[in-house]
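Okay, final-v1.pdb now, which holds PDB, C-alpha atoms:
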```pdb
MODEL        1
ATOM      1  CA  ILE V   1      49.630  29.874 -11.730
ATOM      2  CA  ASP V   2      46.074  28.914 -10.822
ATOM      3  CA  ASP V   3      45.853  28.042  -7.116
ATOM      4  CA  ASN V   4      43.061  25.528  -7.720
ATOM      5  CA  TYR V   5      45.209  22.466  -7.059
ATOM      6  CA  ASP V   6      45.986  20.295  -4.046
ATOM      7  CA  ILE V   7      49.160  18.440  -5.045
ATOM      8  CA  ILE V   8      52.190  19.309  -7.197
ATOM      9  CA  HIS V   9      53.276  16.238  -9.153
ATOM     10  CA  CYS V  10      56.673  16.820 -10.769
ATOM     11  CA  ARG V  11      58.196  14.458 -13.315
ATOM     12  CA  SER V  12      61.975  14.873 -13.606
ATOM     13  CA  TYR V  13      64.479  17.051 -11.795
ATOM     14  CA  GLY V  14      63.810  20.379 -13.504
ATOM     15  CA  ALA V  15      60.096  20.251 -12.833
ATOM     16  CA  ALA V  16      60.768  19.163  -9.244
ATOM     17  CA  LEU V  17      62.894  22.251  -8.610
ATOM     18  CA  VAL V  18      59.907  24.380  -9.580
ATOM     19  CA  GLY V  19      57.622  22.133  -7.543
ATOM     20  CA  MET V  20      59.797  22.409  -4.437
ATOM     21  CA  PHE V  21      59.631  26.223  -4.666
ATOM     22  CA  LEU V  22      55.855  26.254  -5.224
ATOM     23  CA  SER V  23      55.356  23.786  -2.401
ATOM     24  CA  LYS V  24      57.034  26.140   0.033
ATOM     25  CA  VAL V  25      55.285  29.254  -1.250
ATOM     26  CA  LYS V  26      51.796  27.758  -1.627
ATOM     27  CA  ASN V  27      52.055  25.262   1.236
ATOM     28  CA  LYS V  28      51.066  22.374  -1.023
ATOM     29  CA  PRO V  29      52.577  18.863  -0.980
ATOM     30  CA  PHE V  30      54.786  17.967  -3.924
ATOM     31  CA  ILE V  31      55.822  14.653  -5.486
ATOM     32  CA  PHE V  32      59.264  14.078  -6.941
ATOM     33  CA  ASP V  33      58.655  11.594  -9.762
ATOM     34  CA  MET V  34      62.296  10.767 -10.492
ATOM     35  CA  ARG V  35      62.023   8.590 -13.639
ATOM     36  CA  GLY V  36      65.783   8.042 -13.561
ATOM     37  CA  LEU V  37      69.068   9.100 -11.983
ATOM     38  CA  LEU V  38      69.781  12.298 -13.895
ATOM     39  CA  PRO V  39      73.354  12.846 -12.642
ATOM     40  CA  GLU V  40      74.405   9.327 -13.661
ATOM     41  CA  GLU V  41      72.477   9.540 -16.945
ATOM     42  CA  THR V  42      74.342  12.753 -17.761
ATOM     43  CA  VAL V  43      77.592  10.871 -17.168
ATOM     44  CA  ASP V  44      76.374   8.044 -19.435
ATOM     45  CA  VAL V  45      75.932  10.392 -22.395
ATOM     46  CA  GLY V  46      79.372  11.891 -21.821
ATOM     47  CA  LYS V  47      78.276  15.406 -20.891
ATOM     48  CA  ILE V  48      79.968  15.439 -17.472
ATOM     49  CA  GLY V  49      82.454  13.347 -15.531
ATOM     50  CA  GLU V  50      81.553  11.301 -12.473
ATOM     51  CA  LYS V  51      84.098  13.221 -10.380
ATOM     52  CA  SER V  52      83.244  16.637 -11.766
ATOM     53  CA  TYR V  53      81.848  19.619  -9.882
ATOM     54  CA  LYS V  54      78.698  19.493 -12.039
ATOM     55  CA  PHE V  55      78.059  15.895 -11.042
ATOM     56  CA  ARG V  56      78.426  16.713  -7.350
ATOM     57  CA  LEU V  57      76.087  19.676  -7.791
ATOM     58  CA  LEU V  58      73.449  17.487  -9.453
ATOM     59  CA  LYS V  59      73.705  14.933  -6.643
ATOM     60  CA  TYR V  60      73.267  17.723  -4.097
ATOM     61  CA  ILE V  61      70.143  18.919  -5.929
ATOM     62  CA  GLU V  62      68.889  15.330  -6.056
ATOM     63  CA  LYS V  63      69.305  15.006  -2.289
ATOM     64  CA  LYS V  64      67.397  18.237  -1.668
ATOM     65  CA  LEU V  65      64.544  17.223  -3.975
ATOM     66  CA  VAL V  66      64.204  13.784  -2.397
ATOM     67  CA  THR V  67      64.353  14.944   1.211
ATOM     68  CA  LYS V  68      62.112  17.997   0.737
ATOM     69  CA  SER V  69      59.414  16.182  -1.241
ATOM     70  CA  ASN V  70      56.307  14.718   0.354
ATOM     71  CA  ALA V  71      56.551  11.585  -1.786
ATOM     72  CA  VAL V  72      59.083  10.098  -4.181
ATOM     73  CA  ILE V  73      58.068   7.930  -7.147
ATOM     74  CA  VAL V  74      60.601   5.590  -8.743
ATOM     75  CA  VAL V  75      60.335   3.024 -11.545
ATOM     76  CA  SER V  76      61.710  -0.143  -9.936
ATOM     77  CA  ASN V  77      62.226  -1.823  -6.576
ATOM     78  CA  LYS V  78      65.994  -1.554  -7.095
ATOM     79  CA  PHE V  79      65.496   2.197  -7.554
ATOM     80  CA  LYS V  80      63.547   2.296  -4.283
ATOM     81  CA  ASP V  81      66.374   0.442  -2.546
ATOM     82  CA  TYR V  82      68.766   3.091  -3.852
ATOM     83  CA  VAL V  83      66.626   5.943  -2.467
ATOM     84  CA  ILE V  84      66.197   4.248   0.916
ATOM     85  CA  LYS V  85      69.922   3.514   1.213
ATOM     86  CA  ASN V  86      71.114   6.972   0.196
ATOM     87  CA  TYR V  87      68.387   9.232   1.595
ATOM     88  CA  ASN V  88      66.863   7.210   4.413
ATOM     89  CA  ILE V  89      63.242   7.485   3.310
ATOM     90  CA  ASN V  90      60.961   4.462   3.070
ATOM     91  CA  ASP V  91      57.246   5.005   3.703
ATOM     92  CA  ASP V  92      57.138   7.960   1.303
ATOM     93  CA  CYS V  93      58.877   6.177  -1.597
ATOM     94  CA  TYR V  94      56.664   4.356  -4.106
ATOM     95  CA  VAL V  95      57.350   2.131  -7.102
ATOM     96  CA  ILE V  96      55.341   2.987 -10.212
ATOM     97  CA  TYR V  97      56.563   0.930 -13.168
ATOM     98  CA  ASN V  98      56.994   2.386 -16.651
ATOM     99  CA  ALA V  99      53.828   0.653 -17.771
ATOM    100  CA  THR V 100      51.734   0.737 -20.934
ATOM    101  CA  ASP V 101      48.069   0.414 -21.870
ATOM    102  CA  PHE V 102      47.533  -3.301 -22.537
ATOM    103  CA  SER V 103      44.187  -2.641 -24.214
ATOM    104  CA  LYS V 104      45.951  -0.877 -27.111
ATOM    105  CA  PHE V 105      48.243  -3.819 -27.887
ATOM    106  CA  ASN V 106      47.498  -6.924 -29.902
ATOM    107  CA  ILE V 107      49.029 -10.147 -28.625
ATOM    108  CA  ARG V 108      51.244 -12.202 -30.942
ATOM    109  CA  ASN V 109      49.534 -14.833 -33.092
ATOM    110  CA  TYR V 110      50.350 -18.238 -31.594
ATOM    111  CA  ALA V 111      47.473 -20.171 -33.147
ATOM    112  CA  GLN V 112      49.019 -20.734 -36.590
ATOM    113  CA  LYS V 113      52.032 -22.890 -37.354
ATOM    114  CA  LYS V 114      55.133 -20.782 -37.983
ATOM    115  CA  HIS V 115      57.310 -21.053 -41.046
ATOM    116  CA  ARG V 116      59.487 -18.159 -39.872
ATOM    117  CA  VAL V 117      60.289 -16.767 -36.441
ATOM    118  CA  ASN V 118      60.347 -12.974 -36.277
ATOM    119  CA  LEU V 119      62.723 -11.189 -33.908
ATOM    120  CA  ILE V 120      62.486  -7.505 -33.060
ATOM    121  CA  TYR V 121      64.717  -4.672 -31.887
ATOM    122  CA  SER V 122      62.989  -1.359 -31.227
ATOM    123  CA  GLY V 123      64.625   1.820 -29.976
ATOM    124  CA  SER V 124      67.402   4.318 -30.476
ATOM    125  CA  LEU V 125      71.001   3.432 -31.246
ATOM    126  CA  ARG V 126      72.294   4.837 -27.967
ATOM    127  CA  VAL V 127      75.170   2.658 -26.823
ATOM    128  CA  TRP V 128      73.388   1.484 -23.665
ATOM    129  CA  HIS V 129      70.706  -0.204 -25.806
ATOM    130  CA  GLU V 130      73.476  -2.370 -27.298
ATOM    131  CA  PRO V 131      72.169  -2.248 -30.915
ATOM    132  CA  GLU V 132      75.366  -3.636 -32.437
ATOM    133  CA  LEU V 133      75.379  -6.470 -29.908
ATOM    134  CA  VAL V 134      71.841  -7.340 -31.015
ATOM    135  CA  ILE V 135      73.029  -7.535 -34.621
ATOM    136  CA  GLU V 136      75.915  -9.755 -33.520
ATOM    137  CA  TYR V 137      73.448 -12.139 -31.851
ATOM    138  CA  TYR V 138      71.256 -12.141 -34.918
ATOM    139  CA  LYS V 139      74.156 -12.789 -37.303
ATOM    140  CA  ILE V 140      75.064 -16.006 -35.472
ATOM    141  CA  LEU V 141      71.424 -17.088 -35.330
ATOM    142  CA  TYR V 142      70.927 -16.289 -39.012
ATOM    143  CA  ASP V 143      73.951 -18.370 -39.997
ATOM    144  CA  LYS V 144      72.197 -21.346 -38.394
ATOM    145  CA  PHE V 145      68.535 -20.794 -39.281
ATOM    146  CA  ARG V 146      68.838 -18.752 -42.511
ATOM    147  CA  ASP V 147      65.417 -17.866 -43.949
ATOM    148  CA  LYS V 148      63.598 -19.472 -41.019
ATOM    149  CA  ILE V 149      64.194 -16.318 -38.983
ATOM    150  CA  PHE V 150      63.851 -12.584 -39.688
ATOM    151  CA  LEU V 151      64.818  -9.455 -37.765
ATOM    152  CA  ASN V 152      62.586  -6.373 -37.669
ATOM    153  CA  PHE V 153      64.882  -3.538 -36.613
ATOM    154  CA  TYR V 154      63.022  -0.327 -35.762
ATOM    155  CA  THR V 155      64.908   2.894 -35.082
ATOM    156  CA  ASN V 156      65.001   6.535 -36.186
ATOM    157  CA  ASP V 157      68.770   6.323 -36.710
ATOM    158  CA  LEU V 158      68.433   4.572 -40.065
ATOM    159  CA  ILE V 159      71.727   5.592 -41.685
ATOM    160  CA  LEU V 160      73.821   4.471 -38.713
ATOM    161  CA  ALA V 161      71.799   1.257 -38.415
ATOM    162  CA  LYS V 162      72.316   0.470 -42.091
ATOM    163  CA  ASN V 163      76.064   0.786 -41.627
ATOM    164  CA  LEU V 164      75.964  -1.568 -38.647
ATOM    165  CA  PHE V 165      74.198  -4.246 -40.696
ATOM    166  CA  LYS V 166      76.714  -3.851 -43.515
ATOM    167  CA  LYS V 167      79.561  -4.189 -41.023
ATOM    168  CA  HIS V 168      78.251  -7.593 -39.971
ATOM    169  CA  HIS V 169      77.655  -8.718 -43.575
ATOM    170  CA  LEU V 170      73.989  -9.567 -43.195
ATOM    171  CA  PRO V 171      72.105  -9.911 -46.492
ATOM    172  CA  GLU V 172      69.427  -7.264 -46.920
ATOM    173  CA  GLY V 173      66.679  -9.860 -47.277
ATOM    174  CA  SER V 174      67.359 -11.176 -43.781
ATOM    175  CA  TYR V 175      66.082  -8.095 -41.955
ATOM    176  CA  LYS V 176      63.864  -5.029 -42.250
ATOM    177  CA  LEU V 177      65.137  -1.630 -41.204
ATOM    178  CA  GLU V 178      62.507   1.058 -40.605
ATOM    179  CA  SER V 179      61.473   3.878 -38.323
ATOM    180  CA  LEU V 180      58.321   3.101 -36.385
ATOM    181  CA  PRO V 181      55.723   5.810 -35.632
ATOM    182  CA  TYR V 182      54.359   5.509 -32.109
ATOM    183  CA  ASP V 183      50.798   4.984 -33.314
ATOM    184  CA  LYS V 184      51.954   1.844 -35.160
ATOM    185  CA  VAL V 185      53.819   0.267 -32.242
ATOM    186  CA  SER V 186      50.886  -1.587 -30.726
ATOM    187  CA  SER V 187      49.969  -3.406 -33.939
ATOM    188  CA  VAL V 188      53.470  -3.980 -35.347
ATOM    189  CA  TYR V 189      54.926  -5.579 -32.212
ATOM    190  CA  SER V 190      52.421  -8.436 -32.341
ATOM    191  CA  ASP V 191      53.818  -9.568 -35.709
ATOM    192  CA  ASN V 192      56.948 -10.691 -33.860
ATOM    193  CA  ASP V 193      57.828 -13.549 -31.542
ATOM    194  CA  ILE V 194      61.100 -12.755 -29.782
ATOM    195  CA  ALA V 195      62.230  -9.317 -28.604
ATOM    196  CA  PHE V 196      65.668  -7.948 -27.723
ATOM    197  CA  CYS V 197      65.735  -5.777 -24.600
ATOM    198  CA  MET V 198      69.405  -5.730 -23.588
ATOM    199  CA  ILE V 199      70.756  -2.820 -21.580
ATOM    200  CA  ARG V 200      74.419  -1.975 -20.917
ATOM    201  CA  LYS V 201      74.876  -1.841 -17.167
ATOM    202  CA  SER V 202      75.744   1.412 -15.421
ATOM    203  CA  ALA V 203      74.692   3.126 -12.214
ATOM    204  CA  SER V 204      71.696   4.729 -13.926
ATOM    205  CA  LYS V 205      70.649   1.630 -15.893
ATOM    206  CA  GLU V 206      70.950  -0.632 -12.849
ATOM    207  CA  VAL V 207      67.732   0.878 -11.489
ATOM    208  CA  CYS V 208      65.922   1.651 -14.764
ATOM    209  CA  PHE V 209      62.784   0.057 -16.197
ATOM    210  CA  PRO V 210      62.494   0.405 -20.009
ATOM    211  CA  VAL V 211      58.964   1.164 -21.158
ATOM    212  CA  LYS V 212      59.508  -1.077 -24.185
ATOM    213  CA  PHE V 213      59.768  -4.032 -21.805
ATOM    214  CA  SER V 214      56.162  -3.377 -20.766
ATOM    215  CA  GLU V 215      55.170  -2.980 -24.425
ATOM    216  CA  TYR V 216      56.757  -6.325 -25.279
ATOM    217  CA  ILE V 217      54.866  -7.901 -22.375
ATOM    218  CA  ALA V 218      51.623  -6.326 -23.629
ATOM    219  CA  SER V 219      52.285  -8.057 -26.969
ATOM    220  CA  GLU V 220      53.203 -11.361 -25.251
ATOM    221  CA  LEU V 221      56.624 -11.513 -26.890
ATOM    222  CA  PHE V 222      59.408 -13.730 -25.555
ATOM    223  CA  ILE V 223      62.028 -11.287 -24.238
ATOM    224  CA  LEU V 224      65.820 -11.590 -24.302
ATOM    225  CA  SER V 225      67.193  -9.328 -21.595
ATOM    226  CA  ASN V 226      69.635  -8.948 -18.715
ATOM    227  CA  LYS V 227      69.570  -7.945 -15.073
ATOM    228  CA  VAL V 228      68.531  -4.296 -14.931
ATOM    229  CA  GLY V 229      65.806  -2.840 -12.748
ATOM    230  CA  ASP V 230      63.290  -5.526 -11.807
ATOM    231  CA  ILE V 231      63.376  -7.262 -15.186
ATOM    232  CA  ASP V 232      65.191 -10.376 -13.964
ATOM    233  CA  GLU V 233      62.632 -10.937 -11.188
ATOM    234  CA  ILE V 234      59.699 -10.543 -13.583
ATOM    235  CA  ILE V 235      61.172 -12.906 -16.173
ATOM    236  CA  LYS V 236      62.005 -15.513 -13.538
ATOM    237  CA  LYS V 237      58.542 -15.322 -11.983
ATOM    238  CA  HIS V 238      56.486 -15.403 -15.181
ATOM    239  CA  GLY V 239      58.687 -17.248 -17.681
ATOM    240  CA  CYS V 240      58.283 -14.441 -20.197
ATOM    241  CA  GLY V 241      61.827 -14.613 -21.530
ATOM    242  CA  ILE V 242      65.470 -15.239 -20.740
ATOM    243  CA  CYS V 243      67.535 -13.032 -18.459
ATOM    244  CA  PHE V 244      71.236 -13.448 -19.238
ATOM    245  CA  ASN V 245      73.833 -12.951 -16.527
ATOM    246  CA  ASP V 246      76.362 -11.750 -19.101
ATOM    247  CA  ILE V 247      74.994 -10.441 -22.403
ATOM    248  CA  TYR V 248      78.529 -10.300 -23.813
ATOM    249  CA  ASN V 249      78.921 -14.072 -23.623
ATOM    250  CA  VAL V 250      77.282 -14.227 -27.029
ATOM    251  CA  SER V 251      78.273 -17.749 -28.114
ATOM    252  CA  ASP V 252      76.904 -19.423 -24.978
ATOM    253  CA  ASN V 253      73.780 -17.262 -24.902
ATOM    254  CA  VAL V 254      72.962 -18.055 -28.528
ATOM    255  CA  LYS V 255      72.960 -21.754 -27.613
ATOM    256  CA  VAL V 256      70.175 -20.962 -25.142
ATOM    257  CA  ILE V 257      68.175 -19.007 -27.737
ATOM    258  CA  GLU V 258      68.422 -21.646 -30.475
ATOM    259  CA  PRO V 259      66.048 -24.179 -28.810
ATOM    260  CA  ILE V 260      63.458 -21.414 -28.347
ATOM    261  CA  ILE V 261      63.489 -20.705 -32.085
ATOM    262  CA  SER V 262      63.470 -24.410 -32.989
ATOM    263  CA  GLY V 263      60.565 -24.976 -30.631
ATOM    264  CA  LEU V 264      58.544 -22.189 -32.218
ATOM    265  CA  LEU V 265      59.139 -23.636 -35.673
ATOM    266  CA  GLU V 266      57.875 -27.014 -34.480
ATOM    267  CA  LYS V 267      54.964 -25.719 -32.416
ATOM    268  CA  ASN V 268      53.995 -22.062 -32.151
ATOM    269  CA  LYS V 269      53.080 -22.016 -28.484
ATOM    270  CA  ARG V 270      51.929 -19.252 -26.191
ATOM    271  CA  PHE V 271      54.711 -18.513 -23.727
ATOM    272  CA  TYR V 272      52.644 -16.700 -21.118
ATOM    273  CA  ASP V 273      49.429 -14.786 -20.492
ATOM    274  CA  ARG V 274      49.993 -11.047 -20.172
ATOM    275  CA  SER V 275      47.097 -10.727 -17.729
ATOM    276  CA  ARG V 276      49.270 -12.491 -15.136
ATOM    277  CA  ILE V 277      51.662  -9.554 -15.409
ATOM    278  CA  GLY V 278      48.863  -7.028 -15.215
ATOM    279  CA  TYR V 279      50.861  -4.743 -12.956
ATOM    280  CA  LEU V 280      52.661  -3.569 -16.108
ATOM    281  CA  ASP V 281      49.309  -2.335 -17.430
ATOM    282  CA  TRP V 282      49.115   1.422 -16.965
ATOM    283  CA  ASN V 283      45.567   1.165 -15.600
ATOM    284  CA  ASP V 284      46.910  -0.838 -12.652
ATOM    285  CA  GLN V 285      49.747   1.623 -12.028
ATOM    286  CA  LEU V 286      47.349   4.566 -12.302
ATOM    287  CA  GLU V 287      45.423   3.206  -9.325
ATOM    288  CA  LYS V 288      48.646   3.350  -7.303
ATOM    289  CA  VAL V 289      49.165   6.991  -8.270
ATOM    290  CA  ILE V 290      45.622   7.833  -7.196
ATOM    291  CA  ARG V 291      46.232   6.172  -3.811
ATOM    292  CA  ILE V 292      49.322   8.338  -3.329
ATOM    293  CA  TYR V 293      47.278  11.448  -4.170
ATOM    294  CA  LYS V 294      44.606  10.504  -1.637
ATOM    295  CA  LYS V 295      47.189   9.893   1.069
ATOM    296  CA  LEU V 296      48.834  13.282   0.498
ATOM    297  CA  LYS V 297      45.530  15.125   0.394
ATOM    298  CA  THR V 298      44.318  13.794   3.738
TER
ENDMDL
END
```

Output the structure of this file as C-alpha cells.
Amino acid sequence: IDDNYDIIHCRSYGAALVGMFLSKVKNKPFIFDMRGLLPEETVDVGKIGEKSYKFRLLKYIEKKLVTKSNAVIVVSNKFKDYVIKNYNINDDCYVIYNATDFSKFNIRNYAQKKHRVNLIYSGSLRVWHEPELVIEYYKILYDKFRDKIFLNFYTNDLILAKNLFKKHHLPEGSYKLESLPYDKVSSVYSDNDIAFCMIRKSASKEVCFPVKFSEYIASELFILSNKVGDIDEIIKKHGCGICFNDIYNVSDNVKVIEPIISGLLEKNKRFYDRSRIGYLDWNDQLEKVIRIYKKLKT
C-alpha cells in the first residue's frame, strides 16, 4: 500500500480491522466509521443469535475497534449516546448523518392545485422496513379517498411486492409497482407528496439514520415515520412530517394522516423549506469530516 497518506478512514467493521492493523504498523491515525451496529444487524437478519458465541465475538471486536481508533463516526446522536455509554469515549466520537446532495434533488411541486395526492414507499422488502404495514396503511386510506390518492411503490423485490398487494386486495390501478434506478431517484421523488419511512424497532435500528429520510427531505416530502435515530427530533423541530409513537396502531394513525391528505387536496401547500434542514445536505456533513481530518492531522 502506498504510504502517501496521513489518515486511515475505515467505513464498516471489516475495513476497520484492516485500518487498526495499518495504524499500528504505519503509525497513522485511523477512523472507525461505524455506519451501524453490525452484531445487532446480523441478529436482525437471522444469521446469529443474540446469545451466541459469534455475537459475543463481534461485540468484542467492536469494543477493540472503538477503543483503539483515533476517532469514531456514527450516524445519529442516539448512536453517539450508545458509544459513550458502552465505551466511555466522548470527545473523539462524531455524528455524521447519512446525508444526500440536495442540489441533485428537485423539490415537490406545490404551486399547482392537486387533484390527486401521491404517496411513496422506496426501498427493499426487508422486514424492518415494514413494507406490508405500509400497504395496510394505504389500503385503509384508499378505501376512504379512492382515486384521489395513489401509491408509488419502488423496490427491486417486485414479485414479492406484487403478492403483498394482492393479499390486501388493492386494485392494480391504485398503485404503481416498479424498481427505481438510483440515477432516477432525485427526479422521481419530487412527483410525490407524502413518504413512508417506518422502521421496525430493534437495537440496531434504534440508532440508525436511513439515507432515504435525507432524500425525502431533499425533495421536501411530508414524511410518515417513527422514533428511530434522530428522526423524531428532526420532525418535531421542522414540522416535516409525523412521527408516530406506535406504528402498529394503524387505525388511530390513519386518522392523523387523513387531514393531511384532505388539506393537500384543498390547497397544495409547501410543508417546509429544505434549506432549514441543510445539515442533511452532504456538503454540510462533508465539512464536518474535513474538520475531523484536520484535527487528527495536527

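With CA of Lys113 (chain V) on one side and CA of Asp193 (chain V) on the other, the separation reads 12.4 Å.
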
**Request:** Apply the PyMOL selection byres ((chain V and resi 19-33) around 9) to the structure shown and report the selected residues as a PyMOL selection string.
**Result:** chain V and resi 3+5-18+34-36+65-66+68-75+296-297

Selection export as an mmCIF file, keeping the file's coordinate frame, atoms kept: C-alpha atoms:
```cif
data_model
loop_
_atom_site.group_PDB
_atom_site.id
_atom_site.type_symbol
_atom_site.label_atom_id
_atom_site.label_comp_id
_atom_site.auth_asym_id
_atom_site.auth_seq_id
_atom_site.Cartn_x
_atom_site.Cartn_y
_atom_site.Cartn_z
ATOM 1 C CA ASP V 3 45.853 28.042 -7.116
ATOM 2 C CA TYR V 5 45.209 22.466 -7.059
ATOM 3 C CA ASP V 6 45.986 20.295 -4.046
ATOM 4 C CA ILE V 7 49.160 18.440 -5.045
ATOM 5 C CA ILE V 8 52.190 19.309 -7.197
ATOM 6 C CA HIS V 9 53.276 16.238 -9.153
ATOM 7 C CA CYS V 10 56.673 16.820 -10.769
ATOM 8 C CA ARG V 11 58.196 14.458 -13.315
ATOM 9 C CA SER V 12 61.975 14.873 -13.606
ATOM 10 C CA TYR V 13 64.479 17.051 -11.795
ATOM 11 C CA GLY V 14 63.810 20.379 -13.504
ATOM 12 C CA ALA V 15 60.096 20.251 -12.833
ATOM 13 C CA ALA V 16 60.768 19.163 -9.244
ATOM 14 C CA LEU V 17 62.894 22.251 -8.610
ATOM 15 C CA VAL V 18 59.907 24.380 -9.580
ATOM 16 C CA MET V 34 62.296 10.767 -10.492
ATOM 17 C CA ARG V 35 62.023 8.590 -13.639
ATOM 18 C CA GLY V 36 65.783 8.042 -13.561
ATOM 19 C CA LEU V 65 64.544 17.223 -3.975
ATOM 20 C CA VAL V 66 64.204 13.784 -2.397
ATOM 21 C CA LYS V 68 62.112 17.997 0.737
ATOM 22 C CA SER V 69 59.414 16.182 -1.241
ATOM 23 C CA ASN V 70 56.307 14.718 0.354
ATOM 24 C CA ALA V 71 56.551 11.585 -1.786
ATOM 25 C CA VAL V 72 59.083 10.098 -4.181
ATOM 26 C CA ILE V 73 58.068 7.930 -7.147
ATOM 27 C CA VAL V 74 60.601 5.590 -8.743
ATOM 28 C CA VAL V 75 60.335 3.024 -11.545
ATOM 29 C CA LEU V 296 48.834 13.282 0.498
ATOM 30 C CA LYS V 297 45.530 15.125 0.394
#
```

**Residues matched by the PyMOL selection byres ((chain V and resi 231-239) around 8) as a list in words** = Phe209, Ser225, Asn226, Lys227, Val228, Gly229, Asp230, Cys240, Gly241, Ile242, Cys243, Phe271, Tyr272, Arg276 and Ile277 of chain V

**Message:** Using all atoms listed in the file, can you tell me which of V:Asn98, V:Ser262, V:Asn156, V:Asn163 comes closest to Arg126 (chain V)?
**Reply:**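 For Arg126 (chain V), the nearest of the given residues is V:Asn156.
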
**Asked** Hey, what comes out of the PyMOL selection byres ((chain V and resi 261) around 12) on this file? Could you write it as a ChimeraX atom specification?
**Response** /V:114-119,138,141-142,144-146,148-150,193-195,222,254-260,262-269

Repair of region 139-145 of chain V at the level of all heavy atoms, as a short mmCIF file (atom, residue, chain, number, x, y, z; two decimals), keeping the file's coordinate frame:
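Written output follows (result.cif):
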```cif
data_model
loop_
_atom_site.label_atom_id
_atom_site.label_comp_id
_atom_site.auth_asym_id
_atom_site.auth_seq_id
_atom_site.Cartn_x
_atom_site.Cartn_y
_atom_site.Cartn_z
N LYS V 139 73.29 -12.25 -36.25
CA LYS V 139 74.16 -12.79 -37.30
C LYS V 139 74.45 -14.27 -37.05
O LYS V 139 74.39 -15.10 -37.97
CB LYS V 139 75.47 -12.00 -37.36
CG LYS V 139 76.49 -12.54 -38.37
CD LYS V 139 75.99 -12.44 -39.79
CE LYS V 139 77.11 -12.65 -40.82
NZ LYS V 139 77.71 -13.99 -40.76
N ILE V 140 74.77 -14.61 -35.81
CA ILE V 140 75.06 -16.01 -35.47
C ILE V 140 73.81 -16.87 -35.64
O ILE V 140 73.87 -17.99 -36.17
CB ILE V 140 75.61 -16.11 -34.04
CG1 ILE V 140 76.92 -15.32 -33.92
CG2 ILE V 140 75.83 -17.57 -33.66
CD1 ILE V 140 77.45 -15.21 -32.51
N LEU V 141 72.67 -16.34 -35.20
CA LEU V 141 71.42 -17.09 -35.33
C LEU V 141 71.05 -17.27 -36.80
O LEU V 141 70.58 -18.34 -37.22
CB LEU V 141 70.30 -16.37 -34.59
CG LEU V 141 70.39 -16.38 -33.05
CD1 LEU V 141 69.41 -15.38 -32.45
CD2 LEU V 141 70.12 -17.78 -32.51
N TYR V 142 71.27 -16.22 -37.59
CA TYR V 142 70.93 -16.29 -39.01
C TYR V 142 71.81 -17.31 -39.74
O TYR V 142 71.34 -18.02 -40.64
CB TYR V 142 71.06 -14.91 -39.67
CG TYR V 142 70.69 -14.93 -41.13
CD1 TYR V 142 69.37 -14.97 -41.53
CD2 TYR V 142 71.68 -14.94 -42.12
CE1 TYR V 142 69.02 -15.01 -42.87
CE2 TYR V 142 71.35 -14.97 -43.46
CZ TYR V 142 70.01 -15.02 -43.83
OH TYR V 142 69.67 -15.08 -45.16
N ASP V 143 73.06 -17.39 -39.38
CA ASP V 143 73.95 -18.37 -40.00
C ASP V 143 73.46 -19.80 -39.77
O ASP V 143 73.73 -20.69 -40.58
CB ASP V 143 75.37 -18.21 -39.45
CG ASP V 143 76.06 -16.96 -39.98
OD1 ASP V 143 75.58 -16.40 -40.99
OD2 ASP V 143 77.07 -16.53 -39.37
N LYS V 144 72.73 -20.01 -38.68
CA LYS V 144 72.20 -21.35 -38.39
C LYS V 144 70.83 -21.56 -39.02
O LYS V 144 70.56 -22.58 -39.65
CB LYS V 144 72.09 -21.57 -36.88
CG LYS V 144 71.47 -22.91 -36.49
CD LYS V 144 71.39 -23.08 -34.99
CE LYS V 144 70.68 -24.38 -34.62
NZ LYS V 144 71.39 -25.59 -35.11
N PHE V 145 69.93 -20.58 -38.88
CA PHE V 145 68.54 -20.79 -39.28
C PHE V 145 68.21 -20.24 -40.67
O PHE V 145 67.16 -20.57 -41.23
CB PHE V 145 67.60 -20.16 -38.24
CG PHE V 145 67.57 -20.88 -36.93
CD1 PHE V 145 68.31 -20.42 -35.85
CD2 PHE V 145 66.80 -22.02 -36.76
CE1 PHE V 145 68.29 -21.07 -34.63
CE2 PHE V 145 66.76 -22.68 -35.54
CZ PHE V 145 67.51 -22.20 -34.48
#
```
